[in-house]
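Note: the block below is query_19.csv and it holds CSV, C-alpha atoms.
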```csv
chain,number,residue,atom,x,y,z
A,27,MET,CA,-96.4,23.9,34.1
A,28,SER,CA,-100.0,24.5,33.0
A,29,VAL,CA,-102.0,21.5,31.7
A,30,GLU,CA,-102.3,23.2,28.3
A,31,TYR,CA,-98.5,23.6,28.1
A,32,VAL,CA,-97.9,19.9,29.0
A,33,LEU,CA,-100.5,18.8,26.4
A,34,LYS,CA,-98.9,20.9,23.7
A,35,ALA,CA,-95.4,19.7,24.6
A,36,THR,CA,-96.6,16.1,24.5
A,37,ALA,CA,-98.2,16.6,21.1
A,38,LEU,CA,-94.8,18.0,19.8
A,39,MET,CA,-93.0,15.0,21.4
A,40,VAL,CA,-95.3,12.6,19.6
A,41,LEU,CA,-94.7,14.5,16.3
A,42,CYS,CA,-91.0,14.3,16.9
A,43,ALA,CA,-91.0,10.6,17.8
A,44,PHE,CA,-93.1,9.9,14.7
A,45,ILE,CA,-90.8,11.9,12.3
A,46,THR,CA,-87.6,10.3,13.6
A,47,ARG,CA,-88.7,6.7,14.2
A,48,VAL,CA,-91.3,6.1,11.5
A,49,GLY,CA,-90.2,8.7,8.9
A,50,TYR,CA,-87.4,6.8,7.2
A,51,LEU,CA,-89.2,3.5,7.4
A,52,LEU,CA,-92.1,5.0,5.4
A,53,ILE,CA,-90.3,7.1,2.8
A,54,GLY,CA,-86.8,5.5,2.8
A,55,GLY,CA,-87.5,4.2,-0.7
A,56,TYR,CA,-87.4,7.7,-2.0
A,57,ILE,CA,-84.1,8.6,-0.4
A,58,PRO,CA,-81.4,6.4,-2.0
A,59,LEU,CA,-78.3,6.0,0.0
A,60,SER,CA,-74.8,5.5,-1.4
A,61,ASP,CA,-72.9,2.3,-0.6
A,62,ASN,CA,-70.5,4.3,1.5
A,63,VAL,CA,-73.3,5.5,3.7
A,64,LYS,CA,-74.8,2.0,3.9
A,65,SER,CA,-71.6,0.4,5.0
A,66,GLY,CA,-71.1,3.2,7.5
A,67,LEU,CA,-74.4,2.5,9.1
A,68,ARG,CA,-72.9,-0.7,10.5
A,69,TYR,CA,-71.0,1.5,13.0
A,70,ALA,CA,-74.1,3.4,14.1
A,71,PRO,CA,-75.3,1.0,16.9
A,72,VAL,CA,-71.9,0.9,18.7
A,73,ALA,CA,-71.5,4.7,18.3
A,74,ALA,CA,-75.0,5.4,19.7
A,75,LEU,CA,-74.5,3.2,22.7
A,76,VAL,CA,-71.1,4.7,23.4
A,77,ALA,CA,-72.6,8.2,23.1
A,78,ILE,CA,-75.1,7.3,25.8
A,79,ILE,CA,-72.6,5.6,28.1
A,80,VAL,CA,-69.7,8.0,28.1
A,81,PRO,CA,-71.5,11.2,29.3
A,82,SER,CA,-73.0,9.1,32.2
A,83,LEU,CA,-69.7,7.8,33.3
A,84,LEU,CA,-67.7,11.0,32.6
A,85,PRO,CA,-70.2,13.8,33.3
A,86,TRP,CA,-68.9,17.3,32.4
A,87,ALA,CA,-71.3,20.0,33.3
A,88,GLN,CA,-71.4,23.0,31.0
A,89,GLY,CA,-69.2,25.8,32.0
A,90,GLU,CA,-67.3,23.8,34.5
A,91,ALA,CA,-63.9,22.1,34.5
A,92,PRO,CA,-63.9,18.4,33.4
A,93,GLY,CA,-63.4,15.9,36.2
A,94,ILE,CA,-63.3,12.3,37.0
A,95,GLY,CA,-65.7,10.7,39.5
A,96,PRO,CA,-66.4,7.2,41.0
A,97,GLU,CA,-68.8,6.5,38.1
A,98,LEU,CA,-65.9,6.1,35.7
A,99,PHE,CA,-64.1,3.5,37.9
A,100,ALA,CA,-67.3,1.7,38.6
A,101,GLY,CA,-67.9,1.5,34.8
A,102,ILE,CA,-64.4,0.2,34.2
A,103,VAL,CA,-64.8,-2.5,36.9
A,104,ALA,CA,-68.2,-3.4,35.5
A,105,GLY,CA,-66.8,-3.7,32.0
A,106,LEU,CA,-63.9,-5.8,33.1
A,107,ALA,CA,-66.1,-8.1,35.1
A,108,PHE,CA,-68.4,-8.6,32.2
A,109,PHE,CA,-65.4,-9.2,29.9
A,110,ARG,CA,-64.1,-11.9,32.3
A,111,PHE,CA,-67.4,-13.6,33.3
A,112,ARG,CA,-69.8,-12.8,30.5
A,113,SER,CA,-72.7,-12.4,32.9
A,114,ILE,CA,-74.9,-9.3,33.2
A,115,LEU,CA,-75.7,-10.1,36.8
A,116,VAL,CA,-71.9,-10.1,37.7
A,117,LEU,CA,-71.6,-6.8,35.8
A,118,ILE,CA,-74.4,-5.1,37.7
A,119,VAL,CA,-73.2,-6.3,41.1
A,120,ALA,CA,-69.5,-5.4,40.3
A,121,GLY,CA,-70.4,-2.0,38.9
A,122,MET,CA,-72.9,-0.9,41.6
A,123,GLY,CA,-70.8,-2.4,44.4
A,124,THR,CA,-67.8,-0.4,43.2
A,125,LEU,CA,-69.8,2.8,42.9
A,126,TRP,CA,-71.3,2.5,46.4
A,127,LEU,CA,-68.0,1.6,47.9
A,128,LEU,CA,-66.1,4.5,46.3
A,129,ARG,CA,-68.8,7.0,47.2
A,130,TRP,CA,-68.9,5.7,50.8
A,131,PHE,CA,-65.1,5.8,51.0
A,132,PHE,CA,-64.6,9.2,49.5
A,133,GLY,CA,-68.0,10.7,50.0
B,17,MET,CA,-100.0,-10.9,-3.0
B,18,SER,CA,-97.4,-12.3,-0.7
B,19,VAL,CA,-93.9,-11.3,-1.5
B,20,GLN,CA,-92.4,-13.8,0.9
B,21,LEU,CA,-92.6,-17.0,-1.1
B,22,SER,CA,-89.1,-17.1,-2.7
B,23,THR,CA,-89.0,-20.9,-2.6
B,24,GLY,CA,-92.3,-21.3,-4.3
B,25,VAL,CA,-93.3,-23.9,-1.8
B,26,LYS,CA,-96.9,-23.6,-0.9
B,27,SER,CA,-96.8,-25.7,2.3
B,28,LEU,CA,-97.8,-23.6,5.3
B,29,ARG,CA,-96.0,-25.5,8.0
B,30,PRO,CA,-92.4,-24.4,7.4
B,31,ARG,CA,-93.5,-20.8,7.2
B,32,LEU,CA,-95.4,-21.0,10.4
B,33,SER,CA,-92.6,-22.6,12.2
B,34,ILE,CA,-90.1,-20.1,11.0
B,35,LYS,CA,-92.3,-17.3,12.2
B,36,LYS,CA,-92.8,-19.0,15.5
B,37,MET,CA,-89.1,-19.5,15.8
B,38,ALA,CA,-88.5,-15.8,15.1
B,39,TRP,CA,-90.9,-14.8,17.9
B,40,PHE,CA,-89.3,-17.2,20.3
B,41,MET,CA,-85.8,-16.1,19.4
B,42,GLY,CA,-86.6,-12.4,19.7
B,43,SER,CA,-88.0,-12.9,23.2
B,44,ARG,CA,-85.1,-15.1,24.2
B,45,HIS,CA,-82.5,-12.5,23.0
B,46,ILE,CA,-84.1,-9.6,24.8
B,47,ALA,CA,-84.6,-11.4,28.1
B,48,PRO,CA,-81.1,-10.8,29.5
B,49,ASN,CA,-81.5,-7.1,29.0
B,50,LEU,CA,-84.9,-6.7,30.6
B,51,PHE,CA,-83.7,-6.2,34.2
B,52,ALA,CA,-81.5,-3.3,33.2
B,53,LEU,CA,-84.3,-1.8,31.1
B,54,SER,CA,-86.7,-2.1,33.9
B,55,VAL,CA,-84.2,-0.1,36.1
B,56,TRP,CA,-84.1,2.5,33.3
B,57,GLY,CA,-87.8,2.7,32.9
B,58,PHE,CA,-88.2,3.0,36.7
B,59,VAL,CA,-85.6,5.9,36.8
B,60,THR,CA,-87.4,7.6,33.9
B,61,GLY,CA,-90.7,7.4,35.7
B,62,VAL,CA,-89.2,8.8,38.9
B,63,ALA,CA,-87.5,11.6,37.0
B,64,MET,CA,-90.6,12.8,35.2
B,65,VAL,CA,-92.5,13.1,38.5
B,66,ASN,CA,-89.6,14.8,40.2
B,67,TYR,CA,-89.5,17.4,37.5
B,68,GLY,CA,-93.1,18.3,38.3
B,69,LEU,CA,-95.3,16.4,35.9
B,70,ALA,CA,-98.5,15.1,37.4
B,71,ALA,CA,-98.8,11.3,37.4
B,72,TRP,CA,-101.4,11.2,34.6
B,73,GLN,CA,-99.3,13.5,32.5
B,74,ALA,CA,-96.2,11.3,33.0
B,75,LEU,CA,-98.3,8.2,32.1
B,76,LEU,CA,-99.6,9.9,29.0
B,77,ILE,CA,-96.1,10.9,27.8
B,78,SER,CA,-94.7,7.4,28.5
B,79,PHE,CA,-97.4,5.7,26.5
B,80,LEU,CA,-97.7,8.1,23.6
B,81,VAL,CA,-94.1,9.1,23.2
B,82,TYR,CA,-92.3,6.0,24.6
B,83,ALA,CA,-88.7,7.4,24.3
B,84,GLY,CA,-86.7,7.3,27.5
B,85,SER,CA,-83.8,9.6,26.5
B,86,LEU,CA,-86.1,12.1,24.9
B,87,GLN,CA,-88.3,12.2,28.1
B,88,LEU,CA,-85.3,12.6,30.3
B,89,THR,CA,-84.0,15.5,28.2
B,90,VAL,CA,-87.4,17.3,27.8
B,91,ALA,CA,-88.6,16.9,31.4
B,92,PRO,CA,-86.1,19.4,32.9
B,93,LEU,CA,-86.8,21.8,30.0
B,94,MET,CA,-90.5,21.6,30.7
B,95,ALA,CA,-89.9,22.2,34.4
B,96,LEU,CA,-88.4,25.5,33.4
B,97,ASN,CA,-91.4,26.3,31.2
B,98,ALA,CA,-89.1,26.5,28.2
B,99,PRO,CA,-90.6,27.7,25.0
B,100,LEU,CA,-92.4,25.0,23.0
B,101,TRP,CA,-90.0,25.3,20.1
B,102,VAL,CA,-87.1,24.6,22.4
B,103,VAL,CA,-88.8,21.5,23.7
B,104,PHE,CA,-89.4,20.3,20.1
B,105,PHE,CA,-85.9,21.1,19.0
B,106,ALA,CA,-84.2,19.3,21.9
B,107,ALA,CA,-86.5,16.3,21.4
B,108,MET,CA,-85.6,16.2,17.7
B,109,VAL,CA,-81.8,16.4,18.4
B,110,VAL,CA,-82.0,13.6,20.9
B,111,ASN,CA,-84.1,11.5,18.6
B,112,LEU,CA,-82.1,12.2,15.4
B,113,ARG,CA,-80.2,8.9,15.9
B,114,PHE,CA,-83.5,7.0,15.1
B,115,ILE,CA,-83.3,8.3,11.5
B,116,ILE,CA,-79.9,6.6,11.2
B,117,PHE,CA,-81.5,3.5,12.8
B,118,GLY,CA,-84.4,3.7,10.3
B,119,ALA,CA,-81.9,3.9,7.4
B,120,SER,CA,-80.2,0.8,8.7
B,121,LEU,CA,-83.5,-1.1,9.2
B,122,TYR,CA,-85.1,0.0,5.9
B,123,PRO,CA,-83.6,-2.8,3.8
B,124,TYR,CA,-85.2,-5.3,6.2
B,125,PHE,CA,-88.5,-3.6,6.8
B,126,ARG,CA,-89.3,-2.2,3.3
B,127,HIS,CA,-91.5,-5.2,2.5
B,128,PHE,CA,-93.7,-4.6,5.4
B,129,SER,CA,-97.1,-2.9,5.0
B,130,VAL,CA,-97.4,0.8,5.9
B,131,TRP,CA,-99.3,-0.1,9.0
B,132,ARG,CA,-96.6,-2.6,10.2
B,133,ARG,CA,-93.9,0.0,9.5
B,134,ILE,CA,-95.7,2.5,11.7
B,135,VAL,CA,-96.1,-0.1,14.5
B,136,ALA,CA,-92.5,-1.1,14.2
B,137,GLY,CA,-91.5,2.6,14.3
B,138,TYR,CA,-93.4,3.1,17.6
B,139,PHE,CA,-91.7,0.1,19.1
B,140,LEU,CA,-88.2,1.1,17.8
B,141,THR,CA,-85.6,1.5,20.6
B,142,ASP,CA,-81.9,1.6,20.9
B,143,VAL,CA,-81.6,-1.9,22.4
B,144,GLY,CA,-84.2,-3.4,20.1
B,145,PHE,CA,-82.3,-2.0,17.1
B,146,VAL,CA,-78.9,-3.3,18.3
B,147,LEU,CA,-80.4,-6.8,18.9
B,148,PHE,CA,-82.0,-6.9,15.5
B,149,MET,CA,-78.9,-5.7,13.6
B,150,ASN,CA,-76.6,-8.1,15.6
B,151,ARG,CA,-78.9,-11.0,14.6
B,152,PHE,CA,-79.4,-10.3,10.9
B,153,ARG,CA,-76.6,-8.0,9.7
B,154,ALA,CA,-74.1,-10.8,9.3
B,155,GLN,CA,-76.4,-12.6,6.9
B,156,ARG,CA,-77.5,-11.7,3.4
B,157,LEU,CA,-80.9,-10.2,3.1
B,158,GLY,CA,-83.5,-12.9,3.1
B,159,ARG,CA,-85.5,-14.7,5.8
B,160,ILE,CA,-88.1,-11.9,5.4
B,161,SER,CA,-90.6,-13.9,7.3
B,162,MET,CA,-88.4,-13.8,10.4
B,163,TYR,CA,-87.8,-10.0,10.6
B,164,TYR,CA,-91.2,-8.8,11.9
B,165,GLY,CA,-91.6,-11.6,14.4
B,166,TYR,CA,-88.1,-11.3,15.8
B,167,PHE,CA,-88.2,-7.5,16.0
B,168,MET,CA,-91.7,-7.3,17.5
B,169,SER,CA,-91.4,-10.0,20.1
B,170,ALA,CA,-88.2,-8.5,21.4
B,171,SER,CA,-89.6,-5.0,21.2
B,172,PHE,CA,-92.9,-5.8,22.6
B,173,LEU,CA,-91.4,-7.4,25.7
B,174,LEU,CA,-89.1,-4.5,26.1
B,175,TRP,CA,-92.1,-2.1,25.8
B,176,LEU,CA,-94.1,-4.1,28.4
B,177,VAL,CA,-91.3,-4.2,30.9
B,178,TRP,CA,-90.5,-0.5,30.3
B,179,GLN,CA,-94.1,0.7,30.8
B,180,VAL,CA,-94.7,-1.4,33.9
B,181,SER,CA,-91.4,-0.2,35.5
B,182,THR,CA,-92.2,3.5,34.5
B,183,ILE,CA,-95.6,3.2,36.1
B,184,LEU,CA,-93.9,1.8,39.2
B,185,GLY,CA,-91.4,4.7,39.1
B,186,ILE,CA,-94.1,7.2,38.8
B,187,TYR,CA,-96.1,5.9,41.8
B,188,VAL,CA,-93.5,4.5,44.2
B,189,GLY,CA,-90.3,6.1,43.1
B,190,SER,CA,-90.4,8.8,45.8
B,191,TYR,CA,-89.8,6.1,48.4
B,192,ILE,CA,-86.4,5.0,47.0
B,193,PRO,CA,-83.4,7.1,48.1
B,194,GLY,CA,-81.8,9.0,45.2
B,195,SER,CA,-78.4,8.3,46.7
B,196,TRP,CA,-78.6,4.7,45.5
B,197,SER,CA,-78.1,6.0,42.0
B,198,LEU,CA,-80.0,3.1,40.5
B,199,GLU,CA,-79.7,4.8,37.1
B,200,TYR,CA,-76.1,3.5,36.8
B,201,ALA,CA,-77.3,-0.1,36.7
B,202,GLY,CA,-79.0,0.8,33.4
B,203,VAL,CA,-75.9,2.5,32.1
B,204,PHE,CA,-73.6,-0.4,33.1
B,205,THR,CA,-75.8,-2.9,31.3
B,206,LEU,CA,-75.3,-1.1,28.0
B,207,LEU,CA,-71.6,-2.1,28.3
B,208,ALA,CA,-72.7,-5.7,28.1
B,209,ILE,CA,-74.2,-4.9,24.7
B,210,VAL,CA,-71.3,-2.9,23.4
B,211,ILE,CA,-68.4,-5.1,24.5
B,212,PRO,CA,-69.2,-8.2,22.4
B,213,MET,CA,-69.8,-6.0,19.4
B,214,VAL,CA,-66.2,-4.6,19.4
B,215,ARG,CA,-64.4,-7.3,17.5
B,216,THR,CA,-62.7,-5.5,14.7
B,217,GLN,CA,-60.2,-2.7,14.6
B,218,PRO,CA,-62.6,-0.2,12.9
B,219,MET,CA,-65.2,-1.0,15.6
B,220,LEU,CA,-62.6,-0.1,18.2
B,221,VAL,CA,-61.9,3.2,16.3
B,222,THR,CA,-65.6,3.9,16.4
B,223,VAL,CA,-65.7,3.4,20.2
B,224,VAL,CA,-62.8,5.7,20.8
B,225,ALA,CA,-64.0,8.4,18.4
B,226,ALA,CA,-67.6,8.3,19.6
B,227,GLY,CA,-66.5,8.2,23.2
B,228,ALA,CA,-64.2,11.3,22.8
B,229,ALA,CA,-66.8,13.2,20.8
B,230,SER,CA,-69.6,12.5,23.3
B,231,TRP,CA,-67.4,13.5,26.2
B,232,LEU,CA,-66.5,16.8,24.5
B,233,GLY,CA,-70.0,17.1,23.2
B,234,GLN,CA,-71.5,17.5,26.6
B,235,GLN,CA,-70.5,21.2,26.2
B,236,LEU,CA,-73.0,21.5,23.3
B,237,PRO,CA,-76.5,22.7,24.0
B,238,PHE,CA,-79.7,20.6,23.7
B,239,ARG,CA,-77.7,17.4,24.1
B,240,LEU,CA,-76.6,17.9,20.6
B,241,GLY,CA,-73.5,15.9,21.6
B,242,LEU,CA,-75.4,12.6,21.4
B,243,PHE,CA,-76.0,13.1,17.7
B,244,VAL,CA,-72.6,14.6,16.9
B,245,ALA,CA,-70.9,11.6,18.6
B,246,ILE,CA,-72.8,9.1,16.5
B,247,VAL,CA,-71.8,10.9,13.3
B,248,VAL,CA,-68.2,11.2,14.4
B,249,GLY,CA,-68.1,7.5,15.4
B,250,VAL,CA,-69.6,6.3,12.1
B,251,VAL,CA,-67.3,8.4,10.0
B,252,ALA,CA,-64.2,7.3,12.0
B,253,GLY,CA,-65.3,3.6,11.6
B,254,VAL,CA,-65.7,4.0,7.9
B,255,LEU,CA,-62.3,5.7,7.5
B,256,ALA,CA,-60.6,3.1,9.6
B,257,GLU,CA,-62.1,0.4,7.5
B,258,LYS,CA,-61.0,2.1,4.3
B,259,TYR,CA,-57.4,3.1,5.3
B,260,GLY,CA,-56.7,0.7,8.1
B,261,LYS,CA,-54.8,-2.6,8.0
B,262,HIS,CA,-57.9,-4.8,7.9
B,263,GLY,CA,-59.8,-2.7,5.4
B,264,GLY,CA,-56.9,-2.6,3.0
B,265,LYS,CA,-56.5,-6.3,3.0
B,266,ALA,CA,-60.2,-6.9,2.5
B,267,ARG,CA,-60.3,-4.6,-0.4
B,268,LYS,CA,-57.3,-6.3,-2.1
B,269,GLY,CA,-59.1,-9.6,-1.6
B,270,VAL,CA,-62.1,-8.3,-3.6
```

In structure tokens, what does this structure look like?
Amino acid sequence: MSVEYVLKATALMVLCAFITRVGYLLIGGYIPLSDNVKSGLRYAPVAALVAIIVPSLLPWAQGEAPGIGPELFAGIVAGLAFFRFRSILVLIVAGMGTLWLLRWFFG
Amino acid sequence: MSVQLSTGVKSLRPRLSIKKMAWFMGSRHIAPNLFALSVWGFVTGVAMVNYGLAAWQALLISFLVYAGSLQLTVAPLMALNAPLWVVFFAAMVVNLRFIIFGASLYPYFRHFSVWRRIVAGYFLTDVGFVLFMNRFRAQRLGRISMYYGYFMSASFLLWLVWQVSTILGIYVGSYIPGSWSLEYAGVFTLLAIVIPMVRTQPMLVTVVAAGAASWLGQQLPFRLGLFVAIVVGVVAGVLAEKYGKHGGKARKGV
């Protein structure tokens, strides 16, 4: 990676971040949305978070067979622990504890 | 000049206190998430250096771009000296979701000045967006004086914690064994944001559909799956609302 390459790539990333994050806030008034789209946007936050979580817990490398790893079970334990105790600390301890335990046991 | 005075009351004190309350509320609501975010920021810092960026380059990217998932996607491409258009395209795909976020936030932010909208855009994050929508979606539009303070106090704290932890990751990350897999602490914490949001049947449908699509979507190039999964999840939620049990009743009621 030459310095020039990194600087050019950084400039492109800044441009990308600006277009996607500021773009609609600036010109949204000129892009009217139908009521259907507006009501649909209520589901965007949940969908986005799920789309970040699932590939981390159920990784599936391209060109390989899908599999299940300790991450999934750790995630389920963490989710159940949070559902029961409503505490983020309990969630992290339960999740990471399960992950390390499973990896140590099967690793 | 001010658009905010819907009551016509000229007294300054209630406006000030509402604004102060908004700043206070924003920081309080972001606080429980900060530990997880610091883990994520740390991991991002470690990753950038591990992919071969110099410390000053990683710092520059973190401050100018400030987009964790984008950085984690682009860094491996840069390590391979991928063509610049590939870097840009991958970055756009990962960040497309922010256009959806922007569309959701627009009704709340459209009264802001251009400058404030640019600032808010820089500070826009997944977690900040979810917090903001959870707080204000249930209410009718109004309370304009609260939006900026709430959003900015939560987002600024998030930014601060993120940058400090990224800097830590850049400089001390090499001393922490990768086998600890600290990045999962960040992933698990997102569950704590999702679970309380899934209260209705259409929301559950969204979770299942977006989950399935994002699992399959890992086979798509450029992390396109992230965007596809959001679209699939949103469409599934809308359809469930329209044709499902709950949605049907609600529409008859109207």

- Message: I'd like the interatomic distance between atom CA of A:Arg68 and atom CA of B:Leu220, to a tenth of an Å.
- Response: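 It comes out at 12.9 Å.
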
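Distances here use all atoms listed in the file; by that measure, the residue among A:Leu125, A:Val40, A:Ile53, A:Ala107 closest to chain B is A:Val40.
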
- Message: Should the cut-off be 7 Å, what would the residue list for chain B against chain A look like, counting all atoms listed in the file, as a PyMOL selection string?
- Response: chain B and resi 77+80-81+95+97+100+103-104+107-108+111-112+114-115+118-120+122+130+133-134+137-138+140+146+201+203-208+210+219+222-223+226-227+230-231+234-235+242+245-246+249-251+253-254

- Message: From (-89.3, -4.1, 15.1), in the file's coordinates, out to 7 Å: which residues are reached, counting all atoms listed in the file? Answer as a PyMOL selection string.
- Response: chain B and resi 136+139-140+164+167-168+171

Could you list, as a CSV table (one decimal) with C-alpha atoms, in the frame of the given file, every residue within 10 Å of B:Gly84, counting all atoms listed in the file and ignoring same-chain residues fewer than 5 positions away?
```
chain,number,residue,atom,x,y,z
B,56,TRP,CA,-84.1,2.5,33.3
B,57,GLY,CA,-87.8,2.7,32.9
B,59,VAL,CA,-85.6,5.9,36.8
B,60,THR,CA,-87.4,7.6,33.9
B,61,GLY,CA,-90.7,7.4,35.7
B,78,SER,CA,-94.7,7.4,28.5
B,89,THR,CA,-84.0,15.5,28.2
B,141,THR,CA,-85.6,1.5,20.6
B,142,ASP,CA,-81.9,1.6,20.9
B,178,TRP,CA,-90.5,-0.5,30.3
B,182,THR,CA,-92.2,3.5,34.5
```
